[in-house]
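Shown next: entry31.csv, given as CSV, C-alpha atoms.
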chain,number,residue,atom,x,y,z
X,46,MET,CA,22.0,0.3,-21.7
X,47,ALA,CA,25.1,2.4,-21.9
X,48,ARG,CA,27.0,2.9,-18.6
X,49,ALA,CA,26.9,6.4,-17.2
X,50,THR,CA,30.2,8.2,-17.2
X,51,THR,CA,29.4,11.3,-15.2
X,52,PRO,CA,31.2,11.4,-11.8
X,53,ALA,CA,29.2,10.9,-8.6
X,54,VAL,CA,27.4,13.9,-7.2
X,55,GLU,CA,27.0,14.7,-3.5
X,56,LEU,CA,23.7,16.2,-2.2
X,57,GLN,CA,22.8,17.5,1.3
X,58,ALA,CA,20.0,15.8,3.2
X,59,ASP,CA,19.3,17.7,6.4
X,60,GLY,CA,23.0,18.1,7.1
X,61,ARG,CA,24.2,14.7,6.0
X,62,THR,CA,25.9,14.0,2.6
X,63,VAL,CA,24.2,11.6,0.2
X,64,ARG,CA,26.3,10.3,-2.7
X,65,VAL,CA,24.6,9.8,-6.0
X,66,SER,CA,26.5,7.5,-8.3
X,67,SER,CA,26.0,7.5,-12.1
X,68,PRO,CA,23.8,10.6,-11.7
X,69,ASP,CA,23.1,10.8,-15.5
X,70,ARG,CA,21.7,7.3,-15.8
X,71,VAL,CA,18.3,7.5,-17.3
X,72,ALA,CA,15.6,6.3,-14.8
X,73,PHE,CA,12.5,7.2,-16.8
X,74,PRO,CA,13.3,7.2,-20.6
X,75,GLN,CA,9.9,8.5,-21.7
X,76,ARG,CA,10.3,11.6,-19.6
X,77,GLY,CA,14.1,11.8,-19.9
X,78,LEU,CA,14.4,11.8,-16.1
X,79,THR,CA,17.8,10.8,-14.7
X,80,LYS,CA,18.6,9.1,-11.4
X,81,LEU,CA,19.9,12.4,-10.0
X,82,GLN,CA,16.5,14.0,-10.7
X,83,VAL,CA,14.7,11.2,-8.9
X,84,VAL,CA,17.0,11.6,-5.8
X,85,GLU,CA,16.5,15.4,-6.0
X,86,TYR,CA,12.8,14.9,-6.1
X,87,PHE,CA,12.8,12.9,-2.9
X,88,LEU,CA,14.9,15.4,-1.1
X,89,ALA,CA,12.6,18.2,-2.3
X,90,VAL,CA,9.6,16.5,-0.7
X,91,GLY,CA,11.7,15.4,2.2
X,92,GLY,CA,9.3,16.3,5.0
X,93,GLY,CA,6.5,14.4,3.4
X,94,ILE,CA,8.3,11.2,2.4
X,95,LEU,CA,10.1,11.0,5.7
X,96,GLY,CA,6.9,11.6,7.5
X,97,ALA,CA,5.4,8.7,5.6
X,98,LEU,CA,8.3,6.4,6.4
X,99,ARG,CA,9.8,7.5,9.7
X,100,ASP,CA,10.3,4.5,12.1
X,101,ARG,CA,8.4,2.2,9.9
X,102,PRO,CA,9.7,-1.1,8.6
X,103,THR,CA,9.9,-0.4,4.8
X,104,THR,CA,10.3,-2.6,1.8
X,105,LEU,CA,12.3,-1.0,-1.0
X,106,GLU,CA,11.0,-1.4,-4.6
X,107,ARG,CA,14.2,-1.1,-6.6
X,108,TRP,CA,14.6,-0.4,-10.3
X,109,PRO,CA,18.4,-0.1,-10.6
X,110,LYS,CA,18.3,-0.1,-14.4
X,111,GLY,CA,15.4,2.4,-14.6
X,112,VAL,CA,11.8,2.0,-15.6
X,113,PHE,CA,12.2,1.2,-19.3
X,114,GLU,CA,9.8,-0.4,-21.7
X,115,GLY,CA,9.8,-4.2,-21.3
X,116,ALA,CA,11.3,-4.1,-17.8
X,117,VAL,CA,10.0,-6.9,-15.5
X,118,MET,CA,9.7,-7.4,-11.8
X,119,ALA,CA,11.4,-10.4,-10.3
X,120,THR,CA,9.1,-12.8,-8.5
X,121,ARG,CA,9.5,-15.7,-6.1
X,122,ALA,CA,9.1,-18.1,-9.0
X,123,ASP,CA,11.6,-16.3,-11.2
X,124,SER,CA,14.2,-14.2,-9.6
X,125,ARG,CA,15.5,-13.0,-12.9
X,126,GLY,CA,14.2,-9.5,-13.5
X,127,ASP,CA,15.1,-5.9,-13.9
X,128,ALA,CA,13.5,-4.8,-10.6
X,129,PHE,CA,12.9,-6.4,-7.2
X,130,TYR,CA,11.6,-5.9,-3.7
X,131,GLN,CA,14.3,-5.5,-1.1
X,132,LYS,CA,12.9,-6.8,2.2
X,133,ARG,CA,16.2,-7.0,4.1
X,134,LEU,CA,18.9,-4.5,4.8
X,135,PRO,CA,21.1,-4.3,1.7
X,136,GLN,CA,24.8,-5.1,2.2
X,137,GLY,CA,27.1,-2.1,2.5
X,138,ALA,CA,24.4,0.1,4.0
X,139,PRO,CA,25.7,3.2,5.8
X,140,ASP,CA,25.8,2.9,9.6
X,141,TYR,CA,23.1,5.6,10.0
X,142,VAL,CA,20.5,3.3,8.3
X,143,GLU,CA,18.5,1.7,11.1
X,144,THR,CA,16.3,-1.4,10.9
X,145,ALA,CA,13.3,-3.0,12.5
X,146,ARG,CA,12.9,-6.8,12.9
X,147,ILE,CA,9.6,-8.0,11.4
X,148,ALA,CA,8.1,-11.4,11.1
X,149,PHE,CA,6.6,-12.7,7.8
X,150,PRO,CA,3.4,-14.9,7.7
X,151,SER,CA,5.8,-17.9,7.3
X,152,GLY,CA,7.3,-17.2,10.7
X,153,ARG,CA,10.7,-16.2,9.2
X,154,THR,CA,12.1,-12.8,10.3
X,155,ALA,CA,14.0,-10.0,8.6
X,156,ASP,CA,15.7,-6.8,9.6
X,157,GLU,CA,14.1,-4.3,7.3
X,158,VAL,CA,15.1,-0.7,6.7
X,159,SER,CA,13.4,1.7,9.1
X,160,PRO,CA,14.1,5.2,8.0
X,161,THR,CA,14.8,7.7,10.8
X,162,GLU,CA,16.3,10.6,8.7
X,163,LEU,CA,16.0,12.0,5.2
X,164,ALA,CA,19.5,10.7,4.2
X,165,VAL,CA,18.2,7.2,4.4
X,166,VAL,CA,15.6,8.0,1.7
X,167,GLY,CA,18.3,9.6,-0.5
X,168,TRP,CA,20.6,6.6,0.0
X,169,ALA,CA,17.8,4.2,-1.0
X,170,ALA,CA,16.9,6.3,-4.1
X,171,ASN,CA,20.6,6.1,-5.1
X,172,LEU,CA,20.1,2.3,-5.1
X,173,GLY,CA,17.3,2.7,-7.6
X,174,THR,CA,14.4,2.7,-5.1
X,175,ILE,CA,11.5,4.6,-6.5
X,176,THR,CA,8.6,3.2,-4.4
X,177,PHE,CA,8.7,2.8,-0.7
X,178,HIS,CA,6.4,0.3,0.9
X,179,PRO,CA,6.2,1.0,4.7
X,180,TRP,CA,4.4,-1.3,7.1
X,181,PRO,CA,1.4,0.2,9.0
X,182,VAL,CA,3.4,-0.2,12.2
X,183,THR,CA,6.4,1.4,13.9
X,184,ARG,CA,9.5,-0.3,15.1
X,185,ALA,CA,8.4,0.5,18.7
X,186,ASP,CA,5.6,-2.1,18.2
X,187,VAL,CA,5.7,-4.1,15.0
X,188,GLU,CA,2.7,-6.2,16.0
X,189,SER,CA,0.1,-3.4,16.4
X,190,PRO,CA,-0.9,-1.3,13.3
X,191,ASP,CA,-1.4,2.4,13.8
X,192,GLN,CA,-3.1,2.9,10.4
X,193,LEU,CA,-6.0,1.4,8.5
X,194,ARG,CA,-5.2,1.5,4.8
X,195,ILE,CA,-8.2,1.3,2.5
X,196,ASP,CA,-7.3,0.5,-1.1
X,197,LEU,CA,-9.9,1.3,-3.7
X,198,ASP,CA,-8.7,-0.8,-6.6
X,199,PRO,CA,-10.4,-0.4,-10.0
X,200,GLN,CA,-11.0,-3.7,-11.8
X,201,PRO,CA,-11.0,-4.0,-15.6
X,202,GLY,CA,-13.8,-1.9,-17.1
X,203,THR,CA,-13.4,0.7,-14.3
X,204,ASP,CA,-11.0,3.5,-13.7
X,205,PHE,CA,-9.8,6.3,-11.4
X,206,ASP,CA,-13.1,8.2,-11.8
X,207,ASP,CA,-15.0,5.2,-10.5
X,208,ALA,CA,-12.7,4.9,-7.4
X,209,VAL,CA,-13.3,8.6,-6.8
X,210,ARG,CA,-17.1,8.0,-6.8
X,211,VAL,CA,-16.6,5.4,-4.1
X,212,ALA,CA,-14.2,7.4,-1.8
X,213,PRO,CA,-16.8,9.8,-0.4
X,214,GLU,CA,-19.0,6.9,0.7
X,215,VAL,CA,-16.1,5.5,2.6
X,216,ARG,CA,-15.5,8.9,4.2
X,217,ALA,CA,-19.2,9.2,5.1
X,218,LEU,CA,-19.2,5.8,6.8
X,219,LEU,CA,-16.0,6.8,8.7
X,220,HIS,CA,-17.8,9.9,9.9
X,221,GLU,CA,-20.7,7.9,11.1
X,222,LEU,CA,-18.2,5.9,13.2
X,223,ASP,CA,-16.5,9.1,14.5
X,224,MET,CA,-13.5,8.5,12.4
X,225,GLU,CA,-11.7,10.4,9.7
X,226,GLY,CA,-9.6,9.3,6.7
X,227,TRP,CA,-7.1,11.1,4.4
X,228,CYS,CA,-7.0,10.3,0.7
X,229,LYS,CA,-4.3,10.2,-1.9
X,230,THR,CA,-3.9,9.0,-5.5
X,231,SER,CA,-2.2,5.6,-5.8
X,232,GLY,CA,-0.1,7.0,-8.7
X,233,GLY,CA,-2.1,4.6,-10.9
X,234,ARG,CA,-5.9,4.2,-11.3
X,235,GLY,CA,-6.8,3.7,-7.6
X,236,VAL,CA,-7.5,5.8,-4.5
X,237,HIS,CA,-6.0,5.1,-1.1
X,238,ILE,CA,-7.6,6.2,2.1
X,239,PHE,CA,-5.5,6.1,5.3
X,240,VAL,CA,-7.0,6.3,8.8
X,241,PRO,CA,-4.8,6.8,11.9
X,242,ILE,CA,-5.8,4.4,14.6
X,243,GLU,CA,-4.7,3.6,18.1
X,244,PRO,CA,-1.9,1.0,18.0
X,245,ARG,CA,-3.7,-1.5,20.3
X,246,TRP,CA,-5.0,-4.1,17.9
X,247,THR,CA,-3.5,-7.0,16.0
X,248,PHE,CA,-3.1,-7.3,12.2
X,249,THR,CA,-5.9,-9.8,12.3
X,250,GLN,CA,-8.2,-7.4,14.0
X,251,ALA,CA,-7.3,-4.5,11.8
X,252,ARG,CA,-7.9,-6.7,8.7
X,253,ARG,CA,-11.3,-7.8,10.2
X,254,ALA,CA,-12.2,-4.1,10.7
X,255,THR,CA,-11.3,-3.3,7.1
X,256,ILE,CA,-13.5,-6.2,5.9
X,257,ALA,CA,-16.4,-4.9,7.9
X,258,LEU,CA,-16.0,-1.4,6.4
X,259,GLY,CA,-15.7,-2.8,2.9
X,260,ARG,CA,-18.8,-5.0,3.3
X,261,GLU,CA,-20.8,-2.0,4.4
X,262,VAL,CA,-19.7,0.1,1.5
X,263,GLU,CA,-20.5,-2.8,-0.8
X,264,ARG,CA,-24.1,-2.9,0.7
X,265,ARG,CA,-24.5,0.8,0.0
X,266,LEU,CA,-23.0,0.8,-3.5
X,267,PRO,CA,-23.7,-2.8,-4.7
X,268,GLU,CA,-23.4,-1.8,-8.4
X,269,LEU,CA,-20.0,-0.2,-8.0
X,270,VAL,CA,-18.2,-2.0,-5.1
X,271,THR,CA,-17.1,-5.6,-4.6
X,272,MET,CA,-15.4,-7.5,-1.8
X,273,ARG,CA,-14.9,-10.6,-3.8
X,274,TRP,CA,-11.3,-11.9,-3.5
X,275,TRP,CA,-11.4,-14.0,-6.7
X,276,LYS,CA,-10.9,-11.8,-9.8
X,277,GLU,CA,-13.3,-13.9,-11.8
X,278,GLU,CA,-16.1,-12.8,-9.4
X,279,ARG,CA,-15.4,-9.1,-9.2
X,280,GLY,CA,-16.9,-7.8,-12.4
X,281,GLU,CA,-16.5,-4.2,-13.5
X,282,LYS,CA,-16.4,-2.8,-10.0
X,283,ILE,CA,-14.1,-1.2,-7.4
X,284,PHE,CA,-12.5,-3.8,-5.3
X,285,VAL,CA,-11.9,-2.9,-1.6
X,286,ASP,CA,-8.6,-4.8,-1.2
X,287,TYR,CA,-9.0,-5.8,2.5
X,288,ASN,CA,-5.9,-8.0,2.3
X,289,GLN,CA,-3.7,-4.9,2.2
X,290,MET,CA,-4.2,-4.9,6.0
X,291,ALA,CA,-2.8,-8.4,6.3
X,292,ARG,CA,0.7,-8.9,7.7
X,293,ASP,CA,3.5,-8.1,5.3
X,294,ARG,CA,1.1,-6.6,2.7
X,295,THR,CA,2.0,-2.9,2.1
X,296,ILE,CA,0.8,0.0,0.0
X,297,ALA,CA,3.0,2.5,-1.7
X,298,SER,CA,3.7,5.4,0.6
X,299,ALA,CA,2.6,9.0,0.1
X,300,TYR,CA,5.1,10.7,-2.2
X,301,SER,CA,6.5,7.5,-3.6
X,302,VAL,CA,7.2,7.4,-7.3
X,303,ARG,CA,5.4,4.7,-9.3
X,304,ALA,CA,6.9,2.4,-11.9
X,305,ASN,CA,5.3,3.7,-15.0
X,306,GLN,CA,6.5,5.7,-18.0
X,307,ARG,CA,5.2,9.0,-16.7
X,308,ALA,CA,6.9,8.7,-13.3
X,309,THR,CA,3.7,9.5,-11.4
X,310,VAL,CA,3.7,10.1,-7.7
X,311,SER,CA,1.2,8.7,-5.1
X,312,THR,CA,0.1,12.1,-3.9
X,313,PRO,CA,-2.1,13.3,-0.9
X,314,VAL,CA,-5.0,15.4,-2.0
X,315,THR,CA,-7.8,17.1,-0.1
X,316,TRP,CA,-11.3,15.7,-0.2
X,317,GLU,CA,-12.5,18.8,-1.9
X,318,GLU,CA,-10.0,18.4,-4.8
X,319,LEU,CA,-10.2,14.6,-5.2
X,320,GLY,CA,-12.9,14.8,-7.9
X,321,GLU,CA,-11.0,17.5,-9.8
X,322,VAL,CA,-7.6,15.9,-10.2
X,323,HIS,CA,-6.2,13.0,-12.2
X,324,PRO,CA,-3.2,10.8,-11.3
X,325,ASP,CA,-1.2,12.1,-14.2
X,326,ASP,CA,-1.4,15.6,-12.7
X,327,PHE,CA,1.2,14.5,-10.1
X,328,ASP,CA,4.7,13.4,-11.1
X,329,VAL,CA,8.4,13.8,-10.3
X,330,LEU,CA,8.5,17.2,-11.9
X,331,SER,CA,5.2,18.7,-10.6
X,332,VAL,CA,4.9,17.5,-7.1
X,333,PRO,CA,7.8,19.4,-5.5
X,334,ALA,CA,6.2,22.8,-6.3
X,335,ARG,CA,2.8,21.5,-5.0
X,336,PHE,CA,4.5,20.3,-1.8
X,337,ALA,CA,6.1,23.6,-1.3
X,338,GLU,CA,2.7,25.3,-1.7
X,339,VAL,CA,0.4,23.0,0.3
X,340,GLY,CA,2.8,21.2,2.7
X,341,ASP,CA,2.3,17.6,3.9
X,342,LEU,CA,-1.4,16.8,3.7
X,343,TYR,CA,-0.6,13.4,5.2
X,344,ALA,CA,1.0,14.9,8.4
X,345,PRO,CA,-1.9,13.5,10.6
X,346,LEU,CA,-0.7,10.0,9.6
X,347,VAL,CA,2.9,10.5,10.8
X,348,ALA,CA,3.8,7.9,13.5
X,349,GLY,CA,3.0,9.3,17.0
X,350,ALA,CA,0.8,12.1,15.7
X,351,PRO,CA,-2.2,12.8,18.0
X,352,GLY,CA,-5.8,12.3,17.1
X,353,ARG,CA,-5.9,8.5,16.5
X,354,PHE,CA,-9.1,6.6,16.3
X,355,SER,CA,-10.6,3.5,17.8
X,356,ILE,CA,-11.6,0.6,15.5
X,357,GLU,CA,-14.0,-0.8,18.1
X,358,PRO,CA,-17.0,0.4,16.0
X,359,LEU,CA,-15.8,-1.5,13.0
X,360,LEU,CA,-15.1,-4.6,15.1
X,361,GLU,CA,-18.7,-4.4,16.5
X,362,MET,CA,-19.9,-4.1,12.9
X,363,ALA,CA,-17.9,-7.2,12.0
X,364,ASP,CA,-19.6,-9.0,15.0
X,365,ARG,CA,-23.0,-8.0,13.6
X,366,ASP,CA,-22.1,-9.2,10.1
X,367,GLU,CA,-21.3,-12.6,11.5
X,368,ARG,CA,-24.3,-12.8,13.8
X,369,ASP,CA,-27.0,-11.3,11.6
X,370,HIS,CA,-25.8,-12.1,8.1
X,371,GLY,CA,-23.7,-15.2,8.6
X,372,HIS,CA,-20.6,-13.6,7.1
X,373,GLU,CA,-17.4,-15.5,7.7
X,374,ASP,CA,-13.8,-14.5,7.2
X,375,LEU,CA,-12.5,-14.0,3.6
X,376,PRO,CA,-9.6,-15.6,1.9
X,377,TYR,CA,-6.0,-14.5,2.6
X,378,PRO,CA,-3.3,-14.1,-0.1
X,379,PRO,CA,-2.0,-17.3,-1.6
X,380,GLU,CA,1.4,-17.2,0.0
X,381,TYR,CA,-0.2,-17.2,3.5
X,382,PRO,CA,-0.5,-20.4,5.6
X,383,LYS,CA,-4.0,-21.5,6.3
X,384,MET,CA,-5.4,-19.0,8.8
X,385,PRO,CA,-7.8,-19.8,11.6
X,386,GLY,CA,-11.5,-19.4,10.5
X,387,GLU,CA,-10.5,-18.8,6.9
X,388,PRO,CA,-12.9,-20.3,4.3
X,389,LYS,CA,-11.7,-22.6,1.6
X,390,ARG,CA,-9.0,-20.9,-0.5
X,391,VAL,CA,-9.8,-22.1,-3.9
X,392,GLN,CA,-10.8,-20.3,-7.1
X,393,PRO,CA,-14.6,-20.9,-7.5
X,394,SER,CA,-14.3,-22.1,-11.1
X,395,ARG,CA,-11.8,-24.8,-10.0
X,396,ALA,CA,-13.7,-25.9,-6.9
X,397,LYS,CA,-14.8,-29.5,-7.1
X,398,VAL,CA,-18.6,-30.0,-7.0
X,399,ARG,CA,-19.5,-33.0,-5.0
X,400,ALA,CA,-22.6,-35.0,-6.0
X,401,PRO,CA,-25.2,-35.0,-3.2
X,402,VAL,CA,-25.3,-38.1,-1.0
X,403,PRO,CA,-28.7,-39.9,-1.3
X,404,ASP,CA,-30.8,-39.9,1.9
X,405,ALA,CA,-30.7,-43.4,3.4
X,406,THR,CA,-34.4,-43.4,4.0
X,407,GLU,CA,-35.2,-43.0,0.3
X,408,ASP,CA,-36.0,-46.0,-1.9
For this file, write the structure as structure tokens.
Amino acid sequence: MARATTPAVELQADGRTVRVSSPDRVAFPQRGLTKLQVVEYFLAVGGGILGALRDRPTTLERWPKGVFEGAVMATRADSRGDAFYQKRLPQGAPDYVETARIAFPSGRTADEVSPTELAVVGWAANLGTITFHPWPVTRADVESPDQLRIDLDPQPGTDFDDAVRVAPEVRALLHELDMEGWCKTSGGRGVHIFVPIEPRWTFTQARRATIALGREVERRLPELVTMRWWKEERGEKIFVDYNQMARDRTIASAYSVRANQRATVSTPVTWEELGEVHPDDFDVLSVPARFAEVGDLYAPLVAGAPGRFSIEPLLEMADRDERDHGHEDLPYPPEYPKMPGEPKRVQPSRAKVRAPVPDATED
């Protein structure tokens, strides 16, 4: 890729100057979008993206070379790649970039970017960040989630329309429990529903509450919804990804750009319009005008906003599932240490089948 030659550009972000280097570098070749346009996009939806990130430990998904065909994400097994997740404060960060110390499942800790002003978003976008992954906690209390995040994830053979069919059932269940959720497109094929909760439970309890919710939705829509962790068991259904509520698992924030050729945006929508929209309706070019018209539909999810809900009804549902149906915990992601009460973490098709031991009283 040819190196950009245009001089750096300076933009204003709520009174602070953000420098954009190589502004004409192409970030999304299929759309012809430059890095400058991506930074300008984030500043245009500033109230929304900052509301989604403010005071939250946030992992940066960085694509410094742009989202080009064939680009790959670096992994733990292979650090070579065109993009990567930044979980620690990058070197050379401005002094206005604040952090929050978080602990990973391994017990290791990191000082992660915790945005407090819009300039932090602009600075991160200049580094090639297109997707922000905030934790469901604030730096005031990194152990107590203040959001339930329900990820309706279409499996092969299903699509966005199928996730849309499931979402109203999730909302109906929340209403039965005197709770409310706010929906958004994932920017891909899925639907995300966020619920603001009182920050007085642990990650383990919030995950358990999400499992209880998912199991009840699965009972109501058994032909369309699955809670099976192993992909080989899910079938053509919508997977309620309960492990998105596990520690250090995050969901793309509202107003984040997604790493696809269309530069789609994870966009809050009203429940009334959910069935009328498509993820491709919302991208870097179209969302600023929408935001200017409708404002931040995810404002109730901002840290510290009033109207948070109790998850006690869901935890009581989890107790009933265990008592009346014999339901146990579900597997954690593979990088997690073995968790208390977790069932065997092995793919069913690879599980060893032991031969039955003969009864000693038989001939």
Give as number ranges by chain each residue that has an atom at most 9 Å from (-6.8, -2.1, 1.6) in the file, counting only C-alpha atoms. X: 193-198, 237-238, 252, 255-256, 285-291, 295-296
Interatomic distance between CA of Leu95 in chain X and CA of Phe336 in chain X?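 A separation of 13.2 Å between them.
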Can you work out which one of X:Gln82, X:Ala308, X:Asp156, X:Pro382 has the shortest atom-to-atom distance to Phe327 in chain X, counting only C-alpha atoms?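 Of X:Gln82, X:Ala308, X:Asp156, X:Pro382, the one nearest Phe327 in chain X, counting only C-alpha atoms, is X:Ala308.
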What are the nearest atom pairs, with distances in Å to one decimal, for all residues of range 173-192 of chain X that come at most 9 Å from range 142-153 of chain X, using only C-alpha atoms, set out by chain and rising residue number as CSV?
residue,atom,partner,partner_atom,distance
X:Thr183,CA,X:Ala145,CA,8.3
X:Arg184,CA,X:Ala145,CA,5.3
X:Ala185,CA,X:Ala145,CA,8.6
X:Val187,CA,X:Ile147,CA,6.6
X:Glu188,CA,X:Ile147,CA,8.5
Tell me which protein, DNA and RNA residues are within 8 Å of Arg107 in chain X, counting only C-alpha atoms, leaving out same-chain ones fewer than 6 positions away, and put them as a list in words. Ala128, Phe129, Tyr130, Gln131, Leu172, Gly173, Thr174, Ile175 and Thr176 of chain X
Could you work out how far CA of Ala363 in chain X lies from CA of Ala257 in chain X, giving the answer in Å with one decimal?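 Separation between CA of Ala257 in chain X and CA of Ala363 in chain X: 4.9 Å.
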Near-Val211 in chain X list (8 Å; only C-alpha atoms; drop same-chain fewer than 6 positions) as an mmCIF file with C-alpha atoms, in the coordinates of the input:
data_model
loop_
_atom_site.group_PDB
_atom_site.id
_atom_site.type_symbol
_atom_site.label_atom_id
_atom_site.label_comp_id
_atom_site.auth_asym_id
_atom_site.auth_seq_id
_atom_site.Cartn_x
_atom_site.Cartn_y
_atom_site.Cartn_z
ATOM 1 C CA LEU X 197 -9.900 1.300 -3.700
ATOM 2 C CA LEU X 266 -23.000 0.800 -3.500
ATOM 3 C CA LEU X 269 -20.000 -0.200 -8.000
ATOM 4 C CA VAL X 270 -18.200 -2.000 -5.100
ATOM 5 C CA ILE X 283 -14.100 -1.200 -7.400
#
Around the point (-4.6, 17.0, -7.5) in the file's coordinates, collect all residues with an atom within 12 Å, using all atoms listed in the file, and return them as a PDB file with C-alpha atoms, in the coordinates of the input.
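Result went into selection.pdb, see below:
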ATOM      1  CA  CYS X 228      -7.000  10.300   0.700  1.00  0.00           C
ATOM      2  CA  LYS X 229      -4.300  10.200  -1.900  1.00  0.00           C
ATOM      3  CA  THR X 230      -3.900   9.000  -5.500  1.00  0.00           C
ATOM      4  CA  SER X 231      -2.200   5.600  -5.800  1.00  0.00           C
ATOM      5  CA  GLY X 232      -0.100   7.000  -8.700  1.00  0.00           C
ATOM      6  CA  VAL X 236      -7.500   5.800  -4.500  1.00  0.00           C
ATOM      7  CA  THR X 309       3.700   9.500 -11.400  1.00  0.00           C
ATOM      8  CA  VAL X 310       3.700  10.100  -7.700  1.00  0.00           C
ATOM      9  CA  SER X 311       1.200   8.700  -5.100  1.00  0.00           C
ATOM     10  CA  THR X 312       0.100  12.100  -3.900  1.00  0.00           C
ATOM     11  CA  PRO X 313      -2.100  13.300  -0.900  1.00  0.00           C
ATOM     12  CA  VAL X 314      -5.000  15.400  -2.000  1.00  0.00           C
ATOM     13  CA  THR X 315      -7.800  17.100  -0.100  1.00  0.00           C
ATOM     14  CA  TRP X 316     -11.300  15.700  -0.200  1.00  0.00           C
ATOM     15  CA  GLU X 317     -12.500  18.800  -1.900  1.00  0.00           C
ATOM     16  CA  GLU X 318     -10.000  18.400  -4.800  1.00  0.00           C
ATOM     17  CA  LEU X 319     -10.200  14.600  -5.200  1.00  0.00           C
ATOM     18  CA  GLY X 320     -12.900  14.800  -7.900  1.00  0.00           C
ATOM     19  CA  GLU X 321     -11.000  17.500  -9.800  1.00  0.00           C
ATOM     20  CA  VAL X 322      -7.600  15.900 -10.200  1.00  0.00           C
ATOM     21  CA  HIS X 323      -6.200  13.000 -12.200  1.00  0.00           C
ATOM     22  CA  PRO X 324      -3.200  10.800 -11.300  1.00  0.00           C
ATOM     23  CA  ASP X 325      -1.200  12.100 -14.200  1.00  0.00           C
ATOM     24  CA  ASP X 326      -1.400  15.600 -12.700  1.00  0.00           C
ATOM     25  CA  PHE X 327       1.200  14.500 -10.100  1.00  0.00           C
ATOM     26  CA  ASP X 328       4.700  13.400 -11.100  1.00  0.00           C
ATOM     27  CA  SER X 331       5.200  18.700 -10.600  1.00  0.00           C
ATOM     28  CA  VAL X 332       4.900  17.500  -7.100  1.00  0.00           C
ATOM     29  CA  ARG X 335       2.800  21.500  -5.000  1.00  0.00           C
ATOM     30  CA  PHE X 336       4.500  20.300  -1.800  1.00  0.00           C
ATOM     31  CA  VAL X 339       0.400  23.000   0.300  1.00  0.00           C
ATOM     32  CA  LEU X 342      -1.400  16.800   3.700  1.00  0.00           C
TER      33      LEU X 342
END
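Restricting the calculation to all atoms listed in the file, the smallest distance between Gly235 in chain X and any of X:Lys276, X:Arg216, X:Lys282, X:Arg390 is found for X:Lys282.
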Min atom-atom distance to Leu330 in chain X from the set X:Gly77, X:Gly115, X:Pro385, X:Pro190, counting only C-alpha atoms, belongs to X:Gly77
Pick from X:Ala251, X:Leu258, X:Val63, X:Ala164: nearest to Tyr141 in chain X, with all atoms listed in the file counted?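 Of the candidates, the smallest distance to Tyr141 in chain X is held by X:Ala164.
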Determine the nearest neighbour of Tyr343 in chain X from the options X:Gln192, X:Thr161, X:Gln75, X:Thr203, counting all atoms listed in the file. X:Gln192
Would you kindly return, as a PyMOL selection string, each protein, DNA or RNA residue with an atom no farther than 7 Å from any atom of Thr104 in chain X, considering only C-alpha atoms and excluding same-chain residues fewer than 4 positions away? chain X and resi 130-132+157+177-179
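CA of Thr103 in chain X is positioned 25.1 Å from CA of Ala337 in chain X.
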I want to know what sits within 9 Å of Gly352 in chain X, based on only C-alpha atoms, with residues of the same chain fewer than 4 positions away left out; could you give that as a list in words? Pro241, Ile242, Glu243 and Pro345 of chain X
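Checking X:Ala208, X:Ala122, X:Leu88, X:Val117 one by one against Glu281 in chain X, counting all atoms listed in the file, you find the shortest gap at X:Ala208.
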Generate the missing atoms of range 298-304 of chain X up to N, CA, C and O atoms and report them as a short mmCIF file (atom, residue, chain, number, x, y, z; two decimals), in the coordinates of the input.
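Final output, result_15.cif:
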data_model
loop_
_atom_site.label_atom_id
_atom_site.label_comp_id
_atom_site.auth_asym_id
_atom_site.auth_seq_id
_atom_site.Cartn_x
_atom_site.Cartn_y
_atom_site.Cartn_z
N SER X 298 3.83 4.28 -0.29
CA SER X 298 3.70 5.40 0.60
C SER X 298 3.29 6.68 -0.12
O SER X 298 3.46 6.80 -1.35
N ALA X 299 2.77 7.62 0.62
CA ALA X 299 2.60 9.00 0.10
C ALA X 299 3.95 9.48 -0.39
O ALA X 299 4.98 9.24 0.25
N TYR X 300 3.97 10.13 -1.54
CA TYR X 300 5.10 10.70 -2.20
C TYR X 300 6.08 9.74 -2.83
O TYR X 300 7.13 10.12 -3.33
N SER X 301 5.70 8.45 -2.85
CA SER X 301 6.50 7.50 -3.60
C SER X 301 6.25 7.68 -5.11
O SER X 301 5.16 8.05 -5.54
N VAL X 302 7.28 7.38 -5.89
CA VAL X 302 7.20 7.40 -7.30
C VAL X 302 6.71 6.01 -7.78
O VAL X 302 7.06 5.00 -7.16
N ARG X 303 5.91 5.93 -8.82
CA ARG X 303 5.40 4.70 -9.30
C ARG X 303 6.11 4.23 -10.58
O ARG X 303 6.59 5.07 -11.35
N ALA X 304 6.16 2.93 -10.77
CA ALA X 304 6.90 2.40 -11.90
C ALA X 304 6.10 2.39 -13.17
O ALA X 304 5.64 1.38 -13.68
#
